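Dumped data-v4.txt below, it's compact mmCIF, C-alpha atoms:
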```
# COMPACT_ATOMS: atom_id res chain seq x y z
CA MET A 198 19.33 -204.08 -76.93
CA ASN A 199 21.85 -204.83 -79.68
CA ASP A 200 24.58 -205.78 -77.22
CA ILE A 201 22.60 -208.83 -76.09
CA TYR A 202 23.18 -210.49 -79.45
CA GLN A 203 26.95 -209.93 -79.26
CA LEU A 204 27.52 -211.83 -76.02
CA GLN A 205 29.99 -214.68 -75.95
CA LEU A 206 28.44 -217.90 -74.66
CA GLY A 207 29.77 -221.24 -73.51
CA ILE A 208 28.19 -224.59 -72.73
CA THR A 209 29.03 -226.98 -69.92
CA GLY A 210 29.49 -230.70 -70.19
CA GLU A 211 26.63 -232.95 -69.11
CA PHE A 212 26.19 -233.78 -65.43
CA GLN A 213 23.52 -235.31 -63.20
CA CYS A 214 20.47 -233.09 -62.91
CA SER A 215 19.97 -231.49 -59.49
CA TYR A 216 16.17 -231.61 -59.76
CA LEU A 217 15.41 -234.78 -61.72
CA PRO A 218 18.21 -237.18 -60.71
CA GLN A 219 17.39 -239.73 -63.41
CA ARG A 220 18.24 -237.16 -66.09
CA ARG A 221 21.33 -235.34 -67.34
CA GLU A 222 21.77 -231.58 -67.26
CA GLN A 223 23.71 -229.12 -69.40
CA LEU A 224 23.95 -225.33 -69.05
CA LEU A 225 24.39 -222.46 -71.48
CA LEU A 226 26.58 -219.78 -69.83
CA VAL A 227 27.51 -216.18 -70.51
CA HIS A 228 31.26 -216.64 -70.69
CA PRO A 229 33.32 -214.74 -69.68
CA ASN A 230 31.02 -213.25 -67.06
CA ASP A 231 32.62 -209.79 -67.23
CA GLN A 232 30.13 -209.13 -70.05
CA LEU A 233 27.34 -208.96 -67.49
CA ASN A 234 25.71 -205.93 -65.94
CA ALA A 235 22.21 -205.08 -64.70
CA ALA A 236 20.96 -203.92 -68.12
CA VAL A 237 22.25 -206.99 -69.95
CA TYR A 238 20.85 -209.35 -67.32
CA SER A 239 17.50 -207.58 -67.44
CA GLU A 240 17.35 -208.65 -71.10
CA LEU A 241 18.73 -212.13 -70.51
CA ILE A 242 16.16 -213.02 -67.86
CA THR A 243 13.40 -212.43 -70.42
CA MET A 244 15.08 -215.18 -72.48
CA GLY A 245 15.03 -217.77 -69.72
CA PHE A 246 18.40 -217.04 -68.08
CA ARG A 247 19.05 -217.06 -64.34
CA ARG A 248 21.80 -215.70 -62.11
CA GLY A 249 23.99 -218.06 -60.08
CA GLY A 250 26.70 -216.20 -58.17
CA GLU A 251 28.51 -213.99 -60.71
CA ASP A 252 27.27 -216.08 -63.66
CA ALA A 253 24.16 -216.09 -65.83
CA TYR A 254 23.00 -219.43 -67.20
CA ARG A 255 20.11 -221.22 -68.86
CA PRO A 256 19.42 -224.98 -69.02
CA ARG A 257 20.18 -226.44 -72.42
CA CYS A 258 19.67 -230.12 -71.84
CA PRO A 259 19.91 -232.51 -74.80
CA ALA A 260 16.82 -234.58 -73.96
CA CYS A 261 14.72 -232.45 -71.60
CA GLU A 262 12.85 -229.13 -71.61
CA ASP A 263 11.17 -229.43 -68.21
CA CYS A 264 12.80 -226.32 -66.65
CA GLN A 265 10.44 -223.45 -67.45
CA SER A 266 11.26 -219.90 -66.37
CA ILE A 267 8.25 -218.54 -64.53
CA ARG A 268 7.26 -214.97 -63.71
CA ILE A 269 4.31 -213.10 -62.22
CA LYS A 270 2.95 -209.86 -63.65
CA VAL A 271 2.37 -208.37 -60.24
CA ALA A 272 -0.39 -205.93 -61.27
CA ASP A 273 -2.53 -208.94 -62.26
CA PHE A 274 -1.80 -211.11 -59.22
CA THR A 275 -4.67 -212.16 -56.98
CA ALA A 276 -3.99 -214.04 -53.74
CA SER A 277 -5.86 -217.31 -53.35
CA LYS A 278 -7.84 -218.20 -50.22
CA SER A 279 -4.95 -220.29 -48.90
CA GLN A 280 -2.46 -217.49 -49.60
CA LYS A 281 -4.69 -215.04 -47.74
CA ARG A 282 -4.63 -217.42 -44.77
CA VAL A 283 -0.81 -217.44 -44.93
CA LEU A 284 -0.81 -213.64 -44.86
CA ALA A 285 -3.20 -213.60 -41.91
CA LYS A 286 -1.16 -215.95 -39.73
CA ASN A 287 1.98 -213.87 -40.27
CA LYS A 288 0.44 -210.44 -39.63
CA ASP A 289 2.39 -210.26 -36.34
CA MET A 290 5.72 -210.12 -38.20
CA THR A 291 7.71 -206.96 -38.95
CA PHE A 292 10.09 -206.35 -41.84
CA ILE A 293 13.28 -204.55 -42.75
CA ILE A 294 14.57 -204.27 -46.31
CA ASN A 295 18.36 -204.16 -46.60
CA ASP A 296 20.54 -203.46 -49.61
CA GLU A 297 23.44 -205.54 -48.30
CA PRO A 298 23.68 -208.99 -46.66
CA GLN A 299 24.12 -209.04 -42.88
CA GLN A 300 26.47 -211.13 -40.76
CA GLN A 301 23.57 -212.58 -38.77
CA TYR A 302 22.19 -214.37 -41.86
CA PHE A 303 24.55 -217.32 -41.67
CA ASP A 304 23.23 -218.74 -38.40
CA LEU A 305 19.66 -218.74 -39.74
CA TYR A 306 20.82 -220.13 -43.10
CA SER A 307 22.83 -222.87 -41.39
CA ARG A 308 19.90 -224.01 -39.27
CA TYR A 309 17.59 -223.96 -42.28
CA ILE A 310 19.88 -226.04 -44.51
CA SER A 311 20.68 -228.52 -41.72
CA ALA A 312 16.99 -229.09 -40.96
CA ARG A 313 15.44 -228.92 -44.44
CA HIS A 314 18.14 -229.90 -46.93
CA ALA A 315 20.54 -232.22 -45.11
CA THR A 316 20.51 -234.68 -48.03
CA GLY A 317 20.97 -232.02 -50.73
CA SER A 318 23.94 -230.47 -52.49
CA MET A 319 23.95 -227.40 -50.19
CA TYR A 320 24.73 -229.51 -47.11
CA PRO A 321 26.80 -228.94 -45.07
CA PRO A 322 25.96 -225.21 -44.90
CA LEU A 323 28.95 -223.06 -45.83
CA GLN A 324 29.46 -219.29 -45.76
CA GLU A 325 30.84 -219.40 -49.31
CA THR A 326 27.60 -221.01 -50.55
CA LEU A 327 25.52 -218.32 -48.88
CA ASP A 328 27.82 -215.68 -50.39
CA SER A 329 27.30 -217.16 -53.87
CA PHE A 330 23.70 -215.95 -54.02
CA THR A 331 23.77 -212.98 -51.63
CA GLN A 332 26.73 -211.24 -53.31
CA CYS A 333 27.16 -210.11 -56.91
CA ASN A 334 29.55 -207.44 -58.21
CA TRP A 335 27.40 -206.39 -61.17
CA LEU A 336 23.87 -206.45 -59.78
CA ALA A 337 21.95 -204.87 -56.87
CA ARG A 338 20.04 -207.09 -54.44
CA ARG A 339 17.34 -206.63 -51.85
CA PHE A 340 17.13 -208.58 -48.60
CA ILE A 341 13.67 -208.82 -47.02
CA GLU A 342 14.25 -209.59 -43.35
CA GLY A 343 11.28 -210.91 -41.37
CA TYR A 344 11.17 -210.56 -37.58
CA PHE A 345 8.95 -212.07 -34.90
CA GLN A 346 9.20 -210.59 -31.41
CA GLY A 347 12.46 -208.92 -32.42
CA LYS A 348 14.09 -212.14 -33.66
CA LEU A 349 15.14 -212.68 -37.29
CA ILE A 350 13.15 -215.66 -38.60
CA SER A 351 13.30 -215.30 -42.40
CA VAL A 352 15.34 -213.75 -45.19
CA ALA A 353 14.25 -213.49 -48.82
CA VAL A 354 16.97 -212.56 -51.31
CA CYS A 355 15.97 -210.97 -54.61
CA ASP A 356 17.83 -209.37 -57.52
CA VAL A 357 16.91 -205.89 -58.75
CA LEU A 358 16.37 -205.60 -62.52
CA ASP A 359 15.27 -202.73 -64.74
CA ASP A 360 11.55 -203.60 -64.65
CA ALA A 361 11.46 -206.57 -62.32
CA LEU A 362 12.65 -208.28 -59.18
CA SER A 363 13.96 -211.84 -59.35
CA ALA A 364 13.55 -214.14 -56.35
CA VAL A 365 16.89 -215.82 -55.65
CA TYR A 366 16.60 -217.76 -52.40
CA THR A 367 14.65 -217.77 -49.13
CA PHE A 368 15.70 -219.30 -45.84
CA PHE A 369 13.88 -219.24 -42.53
CA ASP A 370 13.61 -220.63 -39.01
CA PRO A 371 12.90 -224.36 -39.54
CA THR A 372 11.03 -224.60 -36.22
CA MET A 373 8.27 -222.33 -37.57
CA ASP A 374 6.82 -224.59 -40.24
CA LYS A 375 3.23 -223.68 -39.32
CA ARG A 376 3.79 -220.15 -40.58
CA SER A 377 4.42 -221.31 -44.20
CA LEU A 378 7.30 -218.84 -44.42
CA GLY A 379 8.38 -219.97 -47.89
CA GLN A 380 4.97 -219.10 -49.36
CA PHE A 381 4.76 -215.95 -47.27
CA ASN A 382 8.07 -214.61 -48.55
CA ILE A 383 7.03 -215.03 -52.17
CA LEU A 384 3.97 -212.93 -51.37
CA GLN A 385 6.19 -210.32 -49.73
CA GLN A 386 8.35 -210.17 -52.85
CA ILE A 387 5.23 -209.71 -55.00
CA PHE A 388 4.17 -206.80 -52.80
CA LEU A 389 7.68 -205.29 -52.89
CA THR A 390 7.68 -205.52 -56.70
CA GLN A 391 4.35 -203.68 -56.73
CA MET A 392 5.63 -201.02 -54.33
CA GLN A 393 8.65 -200.39 -56.54
CA ASN A 394 6.42 -199.98 -59.62
CA LYS A 395 8.06 -202.85 -61.45
CA THR A 396 6.17 -205.17 -63.78
CA TYR A 397 7.37 -208.69 -63.00
CA LEU A 398 8.58 -210.92 -60.21
CA TYR A 399 10.66 -213.79 -61.62
CA LEU A 400 10.58 -217.00 -59.58
CA GLY A 401 13.31 -219.02 -61.29
CA TYR A 402 12.45 -222.36 -62.85
CA GLN A 403 9.15 -224.20 -62.58
CA ILE A 404 9.65 -227.97 -62.86
CA ASP A 405 6.34 -229.85 -62.80
CA ASP A 406 7.90 -233.25 -62.06
CA CYS A 407 10.01 -231.98 -59.15
CA GLY A 408 8.07 -231.72 -55.90
CA ALA A 409 10.55 -229.25 -54.44
CA MET A 410 10.17 -226.87 -57.40
CA ASN A 411 6.57 -227.07 -58.58
CA TYR A 412 5.03 -224.87 -55.86
CA LYS A 413 5.67 -221.76 -57.98
CA ARG A 414 2.76 -222.52 -60.28
CA ASN A 415 0.36 -221.78 -57.39
CA TYR A 416 0.74 -218.01 -57.88
CA TYR A 417 -1.74 -216.94 -60.55
CA PRO A 418 -1.83 -215.73 -63.16
CA ASN A 419 1.73 -216.60 -64.14
CA GLU A 420 3.74 -216.70 -67.34
CA ARG A 421 6.15 -219.49 -68.33
CA PHE A 422 8.90 -219.40 -70.94
CA ILE A 423 8.18 -222.37 -73.21
CA LYS A 424 9.77 -222.89 -76.63
CA GLN A 425 11.20 -219.36 -76.65
CA GLN A 426 7.98 -217.54 -75.80
CA TRP A 427 6.11 -216.45 -72.68
CA ILE A 428 2.78 -218.24 -72.24
CA LYS A 429 0.18 -217.08 -69.70
CA PHE A 430 -1.37 -219.59 -67.30
CA LYS A 431 -4.58 -218.90 -65.38
CA LYS A 432 -5.96 -220.96 -62.55
```
Representation of the structure as C-alpha cells:
Amino acid sequence: MNDIYQLQLGITGEFQCSYLPQRREQLLLVHPNDQLNAAVYSELITMGFRRGGEDAYRPRCPACEDCQSIRIKVADFTASKSQKRVLAKNKDMTFIINDEPQQQYFDLYSRYISARHATGSMYPPLQETLDSFTQCNWLARRFIEGYFQGKLISVAVCDVLDDALSAVYTFFDPTMDKRSLGQFNILQQIFLTQMQNKTYLYLGYQIDDCGAMNYKRNYYPNERFIKQQWIKFKK
C-alpha cells in the first residue's frame, strides 16, 4: 500500500518504561491519528505497530529493543498438553461474541484490576481507561464474552484487521484463578481467528525479561518482529 509510506509520524519524549522500570521508553506515533483506518492499520501492524485507544504506536527506545511484536499463524498452531488441560477445565463455559462493548463490562473490569493490578498504572479502575481499549472510531472490534452458569466471568477484546485479529486486552473474574482464564481466552481468540478464515492472531509485544509479558511465547509456533523482519520460533 503506497499510502503507508506517506503517513506523518511523531515521536514522544522519553519516559519510564511500563514493563522494565529500570529503562526508559520512547514511542513512534502516527500523528495526527486521523490518518488511520482499518486498511492502514492492517499494514502498520505488520511493521510492529500497536493500537492504543485512537492511536497507533511502536516502541522506538534509544537503548533497548526488547519489545518484540508477536503473532501466531493460526493454521499452524498446535495446543500443548497444558493448553489442552486449560481447554478441558473450561468446557462448561458458554460464549457470546459481541461487536460492541456492554455496560456490564466495567464491574468485571474493576474487580479484575483491583485484585490483579492494584500496584500498576491502571489502578484505580476507571471507565475512561476501559473505554480507551474497547472503543475506536476507525476500527471494528470483537468482544468474546465467557459465561459460567449464566454469569459473565471473562471478556477478551480483539481488533478486526484485514487478514488478522489482534488481541487487545482480557479481563476476568479474579476469584477463578484455577481456570487459567487468561490462557484460555488467548486460545479462544486463536479459534475465532481460524473460524473467520484469517491468517494471524497478533498478541502485542513479547518481552522476555518482563514476567507479566513473556507468557505469549508459549503459543507455538509463533513469529516475532525482530530487526524489521518476522522470524519464526518453534518449540
Exercise for review: Quick one: residues within 9 Å of (25.2, -208.2, -55.6) (file frame), counting only C-alpha atoms, please, as number ranges by chain.
Suggested key: A: 250-251, 296-297, 330-339, 356
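Here the question is which of A:Gln386, A:Gln393, A:Gln265, A:Gln203 gets nearest to Glu420 of chain A using all atoms listed in the file, and that residue is A:Gln265.
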List the neighbours of Gln280 of chain A out to 9 Å using all atoms listed in the file; skip same-chain residues closer than 2 positions along the sequence, and give me the result as an mmCIF file with C-alpha atoms, keeping the file's coordinate frame.
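The result, written out as selection.cif:
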```
data_model
loop_
_atom_site.group_PDB
_atom_site.id
_atom_site.type_symbol
_atom_site.label_atom_id
_atom_site.label_comp_id
_atom_site.auth_asym_id
_atom_site.auth_seq_id
_atom_site.Cartn_x
_atom_site.Cartn_y
_atom_site.Cartn_z
ATOM 1 C CA ALA A 276 -3.990 -214.040 -53.740
ATOM 2 C CA SER A 277 -5.860 -217.310 -53.350
ATOM 3 C CA LYS A 278 -7.840 -218.200 -50.220
ATOM 4 C CA ARG A 282 -4.630 -217.420 -44.770
ATOM 5 C CA VAL A 283 -0.810 -217.440 -44.930
ATOM 6 C CA LEU A 284 -0.810 -213.640 -44.860
ATOM 7 C CA ALA A 285 -3.200 -213.600 -41.910
ATOM 8 C CA GLN A 380 4.970 -219.100 -49.360
ATOM 9 C CA PHE A 381 4.760 -215.950 -47.270
ATOM 10 C CA LEU A 384 3.970 -212.930 -51.370
ATOM 11 C CA TYR A 416 0.740 -218.010 -57.880
#
```
Check your understanding: Quick one: residues within 12 Å of Met373 of chain A, only C-alpha atoms counted, chain neighbours fewer than 2 positions away excluded, as a ChimeraX atom specification?
Key -> /A:286-287,308-309,312-313,345,349-351,368-371,375-379
Would you mind listing what lies within 10 Å of Asp406 of chain A as a PDB file with C-alpha atoms, in the frame of the given file, with all atoms listed in the file counted and same-chain residues fewer than 2 positions away left out?
```pdb
ATOM      1  CA  TYR A 216      16.170-231.610 -59.760  1.00  0.00           C
ATOM      2  CA  LEU A 217      15.410-234.780 -61.720  1.00  0.00           C
ATOM      3  CA  ASP A 263      11.170-229.430 -68.210  1.00  0.00           C
ATOM      4  CA  CYS A 264      12.800-226.320 -66.650  1.00  0.00           C
ATOM      5  CA  GLN A 403       9.150-224.200 -62.580  1.00  0.00           C
ATOM      6  CA  ILE A 404       9.650-227.970 -62.860  1.00  0.00           C
ATOM      7  CA  GLY A 408       8.070-231.720 -55.900  1.00  0.00           C
ATOM      8  CA  ALA A 409      10.550-229.250 -54.440  1.00  0.00           C
ATOM      9  CA  MET A 410      10.170-226.870 -57.400  1.00  0.00           C
ATOM     10  CA  ASN A 411       6.570-227.070 -58.580  1.00  0.00           C
TER      11      ASN A 411
END
```
Set up a box along x, y and z of the file covering all listed atoms of segment 416-422 of chain A, add 4 Å on every one of the six sides, and write the centre and edge lengths in Å to one decimal, as JSON.
```
{"center_x": 3.5, "center_y": -217.6, "center_z": -64.4, "size_x": 18.7, "size_y": 11.8, "size_z": 21.1}
```
Practice item. List the neighbours of Ile387 of chain A out to 9 Å using all atoms listed in the file; skip same-chain residues closer than 6 positions along the sequence, and give me the result as a ChimeraX atom specification. Key: /A:269-271,274,362,397-398
Check your understanding: Between atom CA of Arg257 of chain A and atom CA of Ile242 of chain A, what is the spacing in Å?
Key -> 14.7 Å
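Distances to Gln391 of chain A were evaluated for A:Ala272, A:Val357, A:Met290, A:Val352 using all atoms listed in the file, and the minimum falls at A:Ala272.
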Check your understanding: Between A:Asp360, A:Lys429, A:Asp252, A:Asn382, which one has atoms that come closest to Asn234 of chain A, using all atoms listed in the file?
Key -> A:Asp252
